[in-house]
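Reading through the structure tokens given below for one structure.
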Amino acid sequence: MSHEITVRLKDGSERQMPAGSTYAELAQSMGPRLGKEAVVARVNGALVDLSREIEDGAQVEFLTLQDPEGLYVMRHTCAHVMAQAVQRLFPGTKCAIGPVIENGFYYDFADHDFHPEDLPRIEEEMRRIVAEDLPIQREVISRDEALRFFRERGDRFKVEIIEDLPEDVTLTLYRQGEFVDLCRGPHLPSTGRVKVFQLQSFAGAYWRGDSKREMLTRVYGVAFAKKSDLDEYNRLQQEARERDHRRLGKELDIFTLSPEVGQGLPLWLPNGAKIRRIIERYIVDLEESLGYQHVYTPHLANVELYKISGHWEHYKDDMYPPMKIDNEELVLRPMNCPHHMMVYKHRLHSYRELPIRIAELGTMHRYEMSGALAGLQRVRAMTLNDAHIFCRPDQIEQEFTGVVRLIQRVYKDFGIDDYYHRLSYRDPKNTEKYVQNDEMWELAQSTLRKVMLDLGLEFVEAEGEAAFYGPKLDVQVRTALGKDETLSTIQLDFHLPNRFNLEYVGEDGERHRPVVIHRGVVGTMERFVAFLIEQYKGAFPTWLAPTQVVVASVADEFAGYAEEVAAKLRELGIRAEADVSDNKIGYKIRQAQTHKIPYTLVVGAREREEGSVSVRKYQAGDLGAMPLDQFVRQIQDEIERKAKLVEA
RNA sequence: GCCAGCGUAGCUCAGUAGGUAGAGCAACUGACUUGUAAUCAGUGGGUCGCAGGUUCGAUUCCUGUCGCUGGCUCCA
């Protein structure tokens, strides 16, 4: 009865195996090395355990830890190994879920209080489980059996998961030694195949991500195929900590936070204020050159304004509560849109005037949850590079394009090149969460998509990420700690014009409703500067550096010349300071370098005589002596070009 | 807001098995007069986050509170 079955392999060839063979045996038969390295099979596109029997006629490919999918499977198994270790050390701990994440995995537990000292113990137990090389077995189980099994063990999370799964899915258990877990798989053939791992931290996490439900303890870990990958990961983590804007912001005196002032209320120190002012001038000038009209509006408003806009209903919990003064109830504004609607509304507009682009560096206050606050990245008082474009529907495409181009220009000037575009649509399965107007949504979403395609820009599409009032384009960047955040955003809005009854007089003499485009290019000054600190590792390019030049005298005798040079540079609009302290030149240079000042000019007898300066550039080192005029031309050119400080 | 951890000089950190604390850097003072990443010497500086409690005695133990960090949730 030993009939043969046939599989097709990756290279297109076919191979025969006796019926009932497993994928592991197939891999082994193809070569001892593959047999040793394969961790999972891809069968007709789906990942399958090596222990399973070969399907006749299948298209088969083997994956190793060199493949992302192989690594994925190992990380998944690693999560199980961790859960097993936890069960051994702390019997009675309940397991919730343990998925794979970037670089590693986590597992959520309940009914045990974890302590930091537990991490090394868990790690140690995991190593033991790996050394035991327990075979990992897959078992198909019926729904009733599974429910009975987990109910008996008091595994409430597993029971809930099973109950929520559709009736027709095949339930599987994975068993390794004494440990059993409900899991879709696939897994490594045995625990011994887990390579390098490291537990990272504990964190609280709500069951099913729902803040109303039980808080579990999440244990994070990373896992890699090789020790060197883990070392590299740790190196990058270390580097990330070093470029953390909170650390650099303190070291470089850019901003400060203190409980006396209030949580999430940053003070911009002189250095930070200089950087911010340069950015503000830059963006305002640029916007004005593109037809934006900058305005100033108050940071407080009558709560009625937000009732008109609809924000009160949706977002009042995230606003500072109203204060009653005279006959008014005033709130700190959490966004600028309503004010700008009123700017538009102060008189009637003709179709000929549109688009009207109202812009402002608008300061706003949001009651962010205390646990969400982080340095300048997440604050409760912030200033947004905001603008609202009021246009006719036929101008949407052109205006949207204009904003995308503006963003590209700005990113180029700031040397930001690691970002991606995300087009956010409404969730088609959940349309009641959004403003009701199917036609508008379809048109708006397709317009945004078309513009991105016309501009030849890559983008990802995210259903369900839209604002409730319209679709949007976000520009996403990553913080030093690897978190995604939105830097720029463009949002179409068909809702506020209705709420505020905005109108323009059309060619036909009738009243029409304009469309509003909300957009932030630089985003909030707080988040943008936080991002720049991290991106530049605190070494701002010369055009942005708070201090561009330090003139360091070699000895007291040359203090006068140093002051003279610094004064001359300042007259030319270059931010220069003289260091005429009685420290040695080596010390002054070190100071300038650790403060990441772009240029240090060393002056002594020679320079005074020649009217020259010895130029030392940040990181690049000594560039030699040159006439002061030449240095001025050079640095002015660099500032003009907004050149990067150090070419990466 | 929730879970966990942390909170000692301006900064980075050590320390006290309960007997009111220490280093480096920074600051200040003086000497040195300096040529490309730290000259030398000296001085000052902390009710050990805050408030209660236990104790003869608390920075150390307990409770509460505020803040910070990691994550969750949120992010118009």
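Going through the structure tokens in order, the chains are called A, B, and so on, while each chain numbers its residues from 1 and the ligands are numbered from 1 in the order shown.
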Closest atom pairs, chain B residues within 9 Å of chain A, only C-alpha atoms (C1' of nucleotides), as a tab-separated table:
residue	atom	partner	partner_atom	distance
B:G1	C1'	A:Met369	CA	6.3
B:C2	C1'	A:Ser211	CA	7.2
B:C3	C1'	A:Gly204	CA	4.1
B:A4	C1'	A:Ala203	CA	6.1
B:G5	C1'	A:Pro116	CA	7.9
B:C11	C1'	A:Glu251	CA	8.5
B:U33	C1'	A:Ala555	CA	5.7
B:U34	C1'	A:Lys584	CA	5.2
B:G35	C1'	A:Val554	CA	6.3
B:U36	C1'	A:Gly586	CA	6.1
B:A37	C1'	A:Arg590	CA	4.1
B:A38	C1'	A:Tyr587	CA	5.7
B:U39	C1'	A:Lys584	CA	7.4
B:C66	C1'	A:Pro259	CA	8.4
B:G67	C1'	A:Pro259	CA	6.5
B:G70	C1'	A:Ala203	CA	6.7
B:G71	C1'	A:Ala203	CA	4.4
B:C72	C1'	A:Ala205	CA	4.2
B:U73	C1'	A:Ser211	CA	5.7
B:C74	C1'	A:Met369	CA	7.3
B:C75	C1'	A:Glu368	CA	8.1
B:A76	C1'	A:Tyr315	CA	7.0
(request) Could you tell me, as a PyMOL selection string, which residues of stretch 247-276 of chain A DSSP assigns to strand (DSSP E) when given the backbone? (result) chain A and resi 255-256+267-268
Okay, now the selection with C-alpha atoms, as a PDB file, in the first residue's frame?
ATOM      1  CA  PHE A 255      13.331  72.918  26.897  1.00  0.00           C
ATOM      2  CA  THR A 256      12.429  72.031  30.438  1.00  0.00           C
ATOM      3  CA  LEU A 267       9.133  75.865  28.877  1.00  0.00           C
ATOM      4  CA  TRP A 268      11.149  76.705  25.782  1.00  0.00           C
TER       5      TRP A 268
END
(message) For the structure I just gave you, how does DSSP split stretch 317-381 of chain A - specifically, which residues are helix (DSSP H, G or I)? Reply as number ranges by chain.
(response) A: 317-318, 337-345, 370-372
Take the selection from the previous step and output its residues with all heavy atoms, as a tab-separated table (two decimals), in the first residue's frame.
chain	number	residue	atom	x	y	z
A	317	ASP	N	-14.36	65.72	26.60
A	317	ASP	CA	-13.57	65.07	27.64
A	317	ASP	C	-12.08	65.31	27.48
A	317	ASP	O	-11.31	65.09	28.41
A	317	ASP	CB	-13.82	63.55	27.62
A	317	ASP	CG	-15.21	63.22	28.11
A	317	ASP	OD1	-15.84	64.12	28.72
A	317	ASP	OD2	-15.67	62.09	27.88
A	318	ASP	N	-11.69	65.71	26.31
A	318	ASP	CA	-10.26	65.95	26.07
A	318	ASP	C	-9.93	67.43	26.09
A	318	ASP	O	-8.85	67.84	25.67
A	318	ASP	CB	-9.85	65.33	24.74
A	318	ASP	CG	-10.13	63.84	24.72
A	318	ASP	OD1	-9.69	63.17	25.67
A	318	ASP	OD2	-10.81	63.36	23.80
A	337	CYS	N	-9.61	75.30	14.27
A	337	CYS	CA	-10.55	75.32	13.13
A	337	CYS	C	-11.72	76.27	13.34
A	337	CYS	O	-12.01	77.09	12.45
A	337	CYS	CB	-11.09	73.93	12.82
A	337	CYS	SG	-10.04	72.59	13.33
A	338	PRO	N	-12.43	76.20	14.47
A	338	PRO	CA	-13.60	77.06	14.59
A	338	PRO	C	-13.26	78.55	14.46
A	338	PRO	O	-14.00	79.30	13.83
A	338	PRO	CB	-14.13	76.73	16.00
A	338	PRO	CG	-13.66	75.34	16.25
A	338	PRO	CD	-12.31	75.28	15.62
A	339	HIS	N	-12.15	78.94	15.06
A	339	HIS	CA	-11.74	80.34	14.92
A	339	HIS	C	-11.55	80.70	13.45
A	339	HIS	O	-11.93	81.78	13.01
A	339	HIS	CB	-10.44	80.59	15.68
A	339	HIS	CG	-10.61	80.66	17.17
A	339	HIS	ND1	-10.39	79.59	18.00
A	339	HIS	CD2	-11.00	81.69	17.97
A	339	HIS	CE1	-10.62	79.96	19.26
A	339	HIS	NE2	-10.99	81.22	19.26
A	340	HIS	N	-10.94	79.79	12.72
A	340	HIS	CA	-10.68	80.10	11.31
A	340	HIS	C	-11.98	80.11	10.49
A	340	HIS	O	-12.09	80.84	9.51
A	340	HIS	CB	-9.65	79.12	10.74
A	340	HIS	CG	-8.28	79.36	11.29
A	340	HIS	ND1	-7.16	78.71	10.81
A	340	HIS	CD2	-7.84	80.19	12.28
A	340	HIS	CE1	-6.09	79.12	11.49
A	340	HIS	NE2	-6.48	80.01	12.39
A	341	MET	N	-12.93	79.28	10.91
A	341	MET	CA	-14.23	79.31	10.23
A	341	MET	C	-14.84	80.71	10.39
A	341	MET	O	-15.41	81.27	9.46
A	341	MET	CB	-15.21	78.29	10.85
A	341	MET	CG	-14.78	76.84	10.75
A	341	MET	SD	-14.49	76.23	9.08
A	341	MET	CE	-12.77	75.77	9.24
A	342	MET	N	-14.67	81.25	11.61
A	342	MET	CA	-15.23	82.58	11.87
A	342	MET	C	-14.47	83.66	11.12
A	342	MET	O	-15.05	84.68	10.73
A	342	MET	CB	-15.23	82.87	13.38
A	342	MET	CG	-16.10	81.93	14.20
A	342	MET	SD	-17.80	81.77	13.59
A	342	MET	CE	-18.43	83.43	13.96
A	343	VAL	N	-13.17	83.46	10.92
A	343	VAL	CA	-12.40	84.41	10.12
A	343	VAL	C	-12.98	84.43	8.70
A	343	VAL	O	-13.24	85.50	8.12
A	343	VAL	CB	-10.90	84.03	10.07
A	343	VAL	CG1	-10.17	84.84	9.02
A	343	VAL	CG2	-10.27	84.23	11.45
A	344	TYR	N	-13.23	83.25	8.16
A	344	TYR	CA	-13.81	83.17	6.81
A	344	TYR	C	-15.17	83.86	6.75
A	344	TYR	O	-15.51	84.55	5.80
A	344	TYR	CB	-13.95	81.70	6.40
A	344	TYR	CG	-14.62	81.53	5.03
A	344	TYR	CD1	-13.86	81.57	3.86
A	344	TYR	CD2	-15.99	81.34	4.92
A	344	TYR	CE1	-14.45	81.42	2.63
A	344	TYR	CE2	-16.60	81.20	3.69
A	344	TYR	CZ	-15.83	81.24	2.55
A	344	TYR	OH	-16.42	81.10	1.32
A	345	LYS	N	-15.91	83.64	7.82
A	345	LYS	CA	-17.31	84.07	7.85
A	345	LYS	C	-17.51	85.57	8.09
A	345	LYS	O	-18.63	86.04	8.00
A	345	LYS	CB	-18.00	83.35	9.01
A	345	LYS	CG	-19.10	82.43	8.57
A	345	LYS	CD	-19.87	81.92	9.75
A	345	LYS	CE	-21.34	82.24	9.55
A	345	LYS	NZ	-22.18	81.36	10.36
A	370	SER	N	-2.55	61.75	31.39
A	370	SER	CA	-1.24	61.96	32.01
A	370	SER	C	-0.25	60.90	31.57
A	370	SER	O	0.92	61.19	31.37
A	370	SER	CB	-1.37	61.99	33.52
A	370	SER	OG	-1.88	60.76	33.98
A	371	GLY	N	-0.73	59.68	31.40
A	371	GLY	CA	0.18	58.61	31.02
A	371	GLY	C	0.68	58.70	29.59
A	371	GLY	O	1.61	58.00	29.20
A	372	ALA	N	0.07	59.58	28.81
A	372	ALA	CA	0.46	59.70	27.40
A	372	ALA	C	1.51	60.78	27.20
A	372	ALA	O	2.13	60.87	26.15
A	372	ALA	CB	-0.76	60.01	26.55
(message) At a cut-off of 9 Å, using only C-alpha atoms (C1' of nucleotides), what residues contact A:Gly291? Leave out same-chain residues fewer than 3 positions from it and give the result as a PyMOL selection string.
(response) chain A and resi 287-288+356-357
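Picture a line from atom CA of A:Gln377 to atom CA of A:Phe531; it runs 7.7 Å.
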(message) Please compute the atom C1' of B:A17-atom C1' of B:G53 distance, one decimal, in Å.
(response) 21.9 Å
(message) Need to verify the contact set: A:Asn437, 12 Å, only C-alpha atoms (C1' of nucleotides), exclusion of same-chain residues closer than 4 positions in sequence. Can you return it as a PyMOL selection string?
(response) chain A and resi 426+431-433+441-444+468-470+493-495
Would you list the contacts of B:C61 as a compact mmCIF listing (two decimals) with N, CA and C atoms (P, O5', C5', C4', C3', O3' and C1' of nucleotides), in the first residue's frame, taking every protein, DNA or RNA residue within 10 Å and counting only C-alpha atoms (C1' of nucleotides), but skipping same-chain residues closer than 5 positions in sequence?
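selection11.txt written:
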# COMPACT_ATOMS: atom_id res chain seq x y z
P G B 18 17.49 48.05 58.64
O5' G B 18 18.23 49.43 58.85
C5' G B 18 18.08 50.49 57.93
C4' G B 18 18.04 51.76 58.73
C3' G B 18 19.09 51.82 59.81
O3' G B 18 19.66 53.12 59.82
C1' G B 18 16.93 52.13 60.72
P U B 54 2.28 56.12 65.13
O5' U B 54 3.20 54.86 64.78
C5' U B 54 2.61 53.57 64.65
C4' U B 54 3.68 52.56 64.30
C3' U B 54 4.91 52.60 65.21
O3' U B 54 4.70 51.87 66.40
C1' U B 54 5.59 52.55 62.95
P U B 55 5.14 52.55 67.83
O5' U B 55 6.72 52.65 67.73
C5' U B 55 7.52 51.47 67.62
C4' U B 55 8.95 51.85 67.34
C3' U B 55 9.53 52.89 68.31
O3' U B 55 9.96 52.29 69.51
C1' U B 55 10.08 53.46 66.07
